[in-house]
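Working notes, structure below.
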Amino acid sequence: MARHLITSAIPYINGIKHLGNLVGSQLPADLYARYLRARGHEVMFLCATDEHGTPAELAAAKAGKPVAEYCAEMHTVQAEIAKGFRLSFDHFGRSSSPQNHKLTQHLAGRLADAGLIREVSEKQVYSHADKRFLPDRYIEGTCPNCGYDKARGDQCENCTKQLDPTDLIEPRSAISGSTDLEVRETKHLYLRQSDMRGKLQEWIDSKTDWPVLTTSIAKKWLNDGDGLQDRGITRDLDWGIPVKKGEEDWPGMEGKVFYVWFDAPIEYIACAGEWAEANGKTDADWERWWRTDKGADDVRYTQFMGKDNVPFHTLSFPATILGSGEDWKLVDYIKSFNYLNYDGGQFSTSQGRGVFMDQALEILPADYWRWWLLSHAPESSDSEFTWENFQGSVNKDLADVLGNFASRVTKFCRSKFSEEVPAGGTPGAREAQLIADLEKGLREYETHMDAIEVRKSAAALRALWVLGNEYLQDVAPWTTFKDDPDTAAMQIRIALNLIRFYAAISSPFIPDASAQLLTAMHAEDAGWPTDVASAVAALPEGHSFSVPDVTFRKISDEERSGWQERFAGVRT
Ligand SMILES: [Zn+2]
């Protein structure tokens, strides 16, 4: 038994996320957390809402609410939706928490003491039309690197290059579109990331098992051009964590807040403090997950995120951690994802294009989405959601292969025997073959899950479901029953046990269906199988069960085309 700390990239507060966001971090993180718990490991799975910065201020203004109130409400909304998708966080925190305020100010003070912060008089863009300083991401223009014409002042989402607003060609306000911009002088704090370059390089070089997608992005920002650049950690905003050096004021920084990119990842740690507070635990209880000097030596820490978040997690956040000189846990493995596209284009929050998390749950239960998204996770390249593919996958994998297996086996048993596991018959060569095939398949599934190869895991799980179907086709107990009811009883006994086996091993992907099937089999306590031979004999002769309701229903062509039309754009 090992100890696993898992964090998902924290979703921004200003609205409900779409399915592309979900599959890029929270959902695969949940899959892994559920799997590790099922295997008997101790897991701390944390996520939170990312609440600071200008987008939160603007969204609150648009909603006509004070920003703190808006964030509190949206946090509740996101937490409810996360529950709807069965995201099994140990805690879903808030980056605006008192714990994060304190820790962010503390770490900034440590970095300052270590000489890793410098004060910079910088020129910042002021918009006359908007009557405010424009944060980097609220200035748009053409990317000097790739020519993309909607690059933001902090990063080009097309080529992922981190930018400064003054790099942009033909800059304009993203709020009003105004080009009446003026560059004004203001003072800010910078994290001397460039001084940390050697340490970061050494650390990243030691991570030989990381996915290429992760290390290639990290190395690019570490080495391209002039190498890793220092980065501003403060902003001229009202909403955020006030700039302080530990508990003391920071002369010259009055009225400024920390930049959201600086405080957001610190929330991964602060969130554990929130968990402790919410559950009546002590500081020692959360620190044993995060402080290597207080018990976190043996913790394995895995982060999940979309590829656009990789530079912050491989460079900026580690620079904060390493630079503090304190014994905080560094990430051991970063699992990053490409993008999920939507039906021939991109998901778009602003245009309401694609399916958003709340809408998804309105039309179908969580397991349908979980299965499709995870089995099509954008790992080695971008992937695409289409309604045809979704319909096909749900109808075939879930309804035909898994759901139908459970339904026909239990119904057949009820009609020919009873609602009890039937006695009689002796397993033979075909059963031995089945067990050997399942054993091999189960080990393969576990290997992929251990390696967080999400699509391969889904394929391996599906292959296990298929083996049971093939067995049932081959031995045809409905035919056997006519001449040899004893043998039919043995075949059905194996098949009933397979339902329990499938429910147990499918729980990380489809937790509700798994629970439903285990309840039907009166086997709620089924843990992860150690070996298939004992798993297919776990429900003894005479064990009672009930026929489950429909586990997965099929999606009709009418539904599919209706949804296709509904989600084509402009959310209403
Ligand atoms: Zn670009």
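In the structure tokens, the first chain shown is A, the next is B, and so on; residue numbers restart at 1 for each chain, and ligands run from 1 in the order shown.
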
Please check which protein, DNA or RNA residues sit within 9 Å of ligand 1, counting only C-alpha atoms and all ligand atoms, and write them as a PyMOL selection string. chain A and resi 142-151+155-163

Where in region 283-392 of chain A does DSSP assign strand (DSSP E), given as a list of chain:residue names? A:Val299, A:Arg300, A:Tyr301, A:Thr302, A:Gln303, A:Phe304, A:Met305, A:Gly306, A:Tyr333, A:Ile334, A:Lys335, A:Ser336, A:Phe337, A:Leu340, A:Asn341, A:Tyr342, A:Ser383, A:Glu384, A:Phe385

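Nearest to Tyr35 (chain A) of all the residues A:Asp343, A:Glu202, A:Asp226, A:Glu446 is A:Glu446, based on only C-alpha atoms.
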
Neighbours of region 125-132 of chain A within 7 Å (only C-alpha atoms; same-chain residues fewer than 3 positions away dropped), as a list in words?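 The filter keeps Ser176, Ser178, Asp180, Leu181, Glu182, Val183 and Arg184 of chain A.
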
Quick one: everything within 10 Å of Thr76 (chain A), counting only C-alpha atoms, minus sequence neighbours fewer than 6 positions away in the same chain. Send it as a PyMOL selection string. chain A and resi 49+82+92

What's the 8 Å shell around Gly227 (chain A), counting only C-alpha atoms, without same-chain residues fewer than 5 positions away, as a compact mmCIF listing (two decimals) with N, CA and C atoms, in the first residue's frame?
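Writing done, so here's out-v5.txt:
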```txt
# COMPACT_ATOMS: atom_id res chain seq x y z
N SER A 194 14.84 33.06 -13.96
CA SER A 194 16.08 32.83 -14.73
C SER A 194 17.20 32.32 -13.81
N TRP A 221 10.42 25.97 -23.00
CA TRP A 221 10.41 27.25 -22.30
C TRP A 221 11.66 27.46 -21.45
N LEU A 222 12.31 26.37 -21.14
CA LEU A 222 13.55 26.47 -20.37
C LEU A 222 14.70 26.95 -21.25
```

Using only C-alpha atoms, can you tell me which of A:Met253, A:Val23, A:Ile555, A:Ile169 comes closest to Asn338 (chain A)?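 Smallest distance to Asn338 (chain A) is found for A:Val23.
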
Quick one: residues within 12 Å of region 539-548 of chain A, only C-alpha atoms counted, chain neighbours fewer than 4 positions away excluded, as a PyMOL selection string? chain A and resi 403-415+417-425+489-490+492-501+513-526+533-535+552

Contacts of Lys220 (chain A) at 12 Å (only C-alpha atoms; same-chain gap of 4+ positions) as a ChimeraX atom specification: /A:159-162,201,204,212-216,224-228,310-311,314-315

Could you save those same residues with all heavy atoms as a tab-separated table (two decimals), in the first residue's frame?
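Generated file (out.tsv):
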```
chain	number	residue	atom	x	y	z
A	159	CYS	N	0.20	28.77	-30.32
A	159	CYS	CA	1.54	28.14	-30.29
A	159	CYS	C	2.06	27.97	-28.87
A	159	CYS	O	3.16	27.48	-28.67
A	159	CYS	CB	2.53	28.93	-31.13
A	159	CYS	SG	2.98	30.54	-30.46
A	160	THR	N	1.26	28.31	-27.85
A	160	THR	CA	1.55	28.21	-26.42
A	160	THR	C	2.71	29.10	-25.94
A	160	THR	O	3.13	29.01	-24.80
A	160	THR	CB	1.81	26.76	-25.90
A	160	THR	OG1	3.12	26.36	-26.24
A	160	THR	CG2	0.78	25.77	-26.42
A	161	LYS	N	3.22	29.99	-26.80
A	161	LYS	CA	4.32	30.86	-26.35
A	161	LYS	C	3.83	31.84	-25.29
A	161	LYS	O	2.78	32.44	-25.42
A	161	LYS	CB	4.89	31.63	-27.54
A	161	LYS	CG	6.16	32.42	-27.17
A	161	LYS	CD	6.79	33.05	-28.42
A	161	LYS	CE	7.98	33.92	-28.06
A	161	LYS	NZ	9.10	33.18	-27.46
A	162	GLN	N	4.60	31.95	-24.20
A	162	GLN	CA	4.27	32.95	-23.18
A	162	GLN	C	4.71	34.31	-23.72
A	162	GLN	O	5.80	34.46	-24.24
A	162	GLN	CB	4.98	32.62	-21.87
A	162	GLN	CG	4.44	31.34	-21.23
A	162	GLN	CD	5.01	31.05	-19.86
A	162	GLN	OE1	5.37	31.97	-19.14
A	162	GLN	NE2	5.08	29.79	-19.52
A	201	GLN	N	16.31	22.76	-14.65
A	201	GLN	CA	16.81	21.88	-15.72
A	201	GLN	C	17.21	20.52	-15.14
A	201	GLN	O	16.84	19.47	-15.66
A	201	GLN	CB	18.03	22.54	-16.38
A	201	GLN	CG	18.70	21.67	-17.46
A	201	GLN	CD	18.05	21.84	-18.82
A	201	GLN	OE1	17.96	22.95	-19.35
A	201	GLN	NE2	17.56	20.74	-19.38
A	204	ILE	N	14.07	18.59	-14.09
A	204	ILE	CA	13.31	18.05	-15.23
A	204	ILE	C	14.09	16.92	-15.91
A	204	ILE	O	13.51	15.91	-16.31
A	204	ILE	CB	12.94	19.18	-16.22
A	204	ILE	CG1	11.84	20.04	-15.58
A	204	ILE	CG2	12.47	18.62	-17.56
A	204	ILE	CD1	11.64	21.37	-16.24
A	212	VAL	N	6.38	12.56	-23.16
A	212	VAL	CA	7.11	13.47	-24.04
A	212	VAL	C	6.38	14.81	-24.15
A	212	VAL	O	7.00	15.87	-24.18
A	212	VAL	CB	7.26	12.84	-25.45
A	212	VAL	CG1	7.94	13.81	-26.40
A	212	VAL	CG2	8.05	11.55	-25.36
A	213	LEU	N	5.05	14.77	-24.18
A	213	LEU	CA	4.28	16.01	-24.29
A	213	LEU	C	4.64	16.96	-23.15
A	213	LEU	O	4.77	18.16	-23.33
A	213	LEU	CB	2.77	15.69	-24.26
A	213	LEU	CG	1.81	16.89	-24.38
A	213	LEU	CD1	1.97	17.60	-25.72
A	213	LEU	CD2	0.37	16.46	-24.18
A	214	THR	N	4.83	16.41	-21.96
A	214	THR	CA	5.15	17.24	-20.80
A	214	THR	C	6.57	17.79	-20.88
A	214	THR	O	6.79	19.01	-20.77
A	214	THR	CB	5.00	16.40	-19.50
A	214	THR	OG1	3.67	15.86	-19.44
A	214	THR	CG2	5.25	17.25	-18.27
A	215	THR	N	7.55	16.91	-21.07
A	215	THR	CA	8.95	17.36	-21.02
A	215	THR	C	9.32	18.25	-22.21
A	215	THR	O	10.11	19.17	-22.07
A	215	THR	CB	9.94	16.18	-20.95
A	215	THR	OG1	9.56	15.20	-21.90
A	215	THR	CG2	9.96	15.57	-19.57
A	216	SER	N	8.72	17.97	-23.37
A	216	SER	CA	9.09	18.78	-24.53
A	216	SER	C	8.62	20.23	-24.34
A	216	SER	O	9.33	21.17	-24.69
A	216	SER	CB	8.52	18.18	-25.82
A	216	SER	OG	7.12	18.20	-25.78
A	224	ASP	N	14.49	27.70	-25.07
A	224	ASP	CA	14.30	28.45	-26.31
A	224	ASP	C	14.68	29.92	-26.14
A	224	ASP	O	14.48	30.49	-25.07
A	224	ASP	CB	12.85	28.35	-26.79
A	224	ASP	CG	12.62	27.10	-27.63
A	224	ASP	OD1	13.48	26.19	-27.57
A	224	ASP	OD2	11.59	27.04	-28.33
A	225	GLY	N	15.20	30.51	-27.18
A	225	GLY	CA	15.54	31.94	-27.16
A	225	GLY	C	16.55	32.22	-26.07
A	225	GLY	O	17.57	31.56	-25.97
A	226	ASP	N	16.23	33.21	-25.21
A	226	ASP	CA	17.15	33.56	-24.12
A	226	ASP	C	16.93	32.68	-22.89
A	226	ASP	O	17.46	32.96	-21.82
A	226	ASP	CB	16.96	35.03	-23.73
A	226	ASP	CG	17.26	35.96	-24.89
A	226	ASP	OD1	18.15	35.61	-25.70
A	226	ASP	OD2	16.60	37.00	-25.00
A	227	GLY	N	16.12	31.66	-23.02
A	227	GLY	CA	15.86	30.78	-21.89
A	227	GLY	C	14.75	31.29	-21.01
A	227	GLY	O	14.06	32.26	-21.34
A	228	LEU	N	14.60	30.64	-19.88
A	228	LEU	CA	13.51	30.96	-18.96
A	228	LEU	C	13.59	32.41	-18.48
A	228	LEU	O	14.63	32.87	-18.01
A	228	LEU	CB	13.58	30.00	-17.77
A	228	LEU	CG	12.43	30.05	-16.78
A	228	LEU	CD1	11.10	29.70	-17.44
A	228	LEU	CD2	12.70	29.11	-15.61
A	310	VAL	N	1.08	23.24	-18.83
A	310	VAL	CA	2.35	22.58	-18.53
A	310	VAL	C	3.47	23.56	-18.14
A	310	VAL	O	4.19	23.30	-17.17
A	310	VAL	CB	2.78	21.65	-19.70
A	310	VAL	CG1	4.21	21.16	-19.52
A	310	VAL	CG2	1.82	20.46	-19.78
A	311	PRO	N	3.65	24.68	-18.86
A	311	PRO	CA	4.75	25.57	-18.46
A	311	PRO	C	4.66	26.02	-16.99
A	311	PRO	O	5.67	26.05	-16.29
A	311	PRO	CB	4.59	26.77	-19.40
A	311	PRO	CG	3.89	26.22	-20.60
A	311	PRO	CD	2.96	25.15	-20.06
A	314	THR	N	5.57	22.91	-14.73
A	314	THR	CA	6.92	22.34	-14.81
A	314	THR	C	7.97	23.38	-14.45
A	314	THR	O	9.09	23.03	-14.10
A	314	THR	CB	7.24	21.83	-16.23
A	314	THR	OG1	6.93	22.87	-17.17
A	314	THR	CG2	6.43	20.59	-16.55
A	315	LEU	N	7.64	24.65	-14.56
A	315	LEU	CA	8.65	25.69	-14.33
A	315	LEU	C	8.26	26.67	-13.23
A	315	LEU	O	8.96	26.79	-12.22
A	315	LEU	CB	8.90	26.45	-15.64
A	315	LEU	CG	9.31	25.54	-16.83
A	315	LEU	CD1	9.29	26.31	-18.12
A	315	LEU	CD2	10.69	24.94	-16.57
```

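Counting only C-alpha atoms and comparing A:Lys335, A:Lys102, A:Arg566, A:Arg291, the residue that lies closest to Lys307 (chain A) is A:Lys335.
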
Would you mind telling me which residue in A:Trp275, A:Ala436, A:Ala360, A:Val260 lies nearest to Val536 (chain A) when using only C-alpha atoms?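 Looking at the shortest contact to Val536 (chain A), the residue is A:Ala436.
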
Separation of CA of Pro135 (chain A) and CA of Ile16 (chain A), in Å?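 So the two atoms, CA of Pro135 (chain A) and CA of Ile16 (chain A), lie 22.5 Å apart.
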
Counting only C-alpha atoms, the residue of A:Arg110, A:Val257, A:Phe133, A:Pro28 that sits nearest Arg455 (chain A):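 Checking each of A:Arg110, A:Val257, A:Phe133, A:Pro28 against Arg455 (chain A), counting only C-alpha atoms, the winner is A:Pro28.
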
Smallest atom-to-atom distance to Asp209 (chain A): which of A:Asp113, A:Tyr333, A:Ser324, A:Gly84, using only C-alpha atoms?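 Closest residue, counting only C-alpha atoms: A:Tyr333.
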
Considering only C-alpha atoms, give me a table of residues in region 36-122 of chain A that are at most 9 Å from region 262-268 of chain A, with the closest atom pair and distance in Å for each, as a Markdown table.
```
| residue | atom | partner | partner_atom | distance |
| --- | --- | --- | --- | --- |
| A:Leu46 | CA | A:Tyr268 | CA | 6.9 |
| A:Cys47 | CA | A:Tyr268 | CA | 7.0 |
| A:Ala48 | CA | A:Glu267 | CA | 7.5 |
| A:Thr49 | CA | A:Ala264 | CA | 8.8 |
| A:Asp50 | CA | A:Ala264 | CA | 6.0 |
| A:Glu51 | CA | A:Ala264 | CA | 8.2 |
| A:His52 | CA | A:Ala264 | CA | 8.1 |
| A:Gly93 | CA | A:Glu267 | CA | 8.0 |
| A:Arg94 | CA | A:Glu267 | CA | 7.4 |
| A:Ser95 | CA | A:Glu267 | CA | 5.3 |
| A:Ser96 | CA | A:Glu267 | CA | 8.5 |
| A:Ser97 | CA | A:Glu267 | CA | 8.5 |
| A:Gln99 | CA | A:Glu267 | CA | 8.2 |
| A:Asn100 | CA | A:Glu267 | CA | 5.6 |
| A:His101 | CA | A:Asp263 | CA | 8.1 |
| A:Leu103 | CA | A:Ile266 | CA | 7.4 |
| A:Thr104 | CA | A:Asp263 | CA | 5.9 |
| A:Gln105 | CA | A:Asp263 | CA | 9.0 |
| A:Leu107 | CA | A:Ile266 | CA | 8.8 |
```
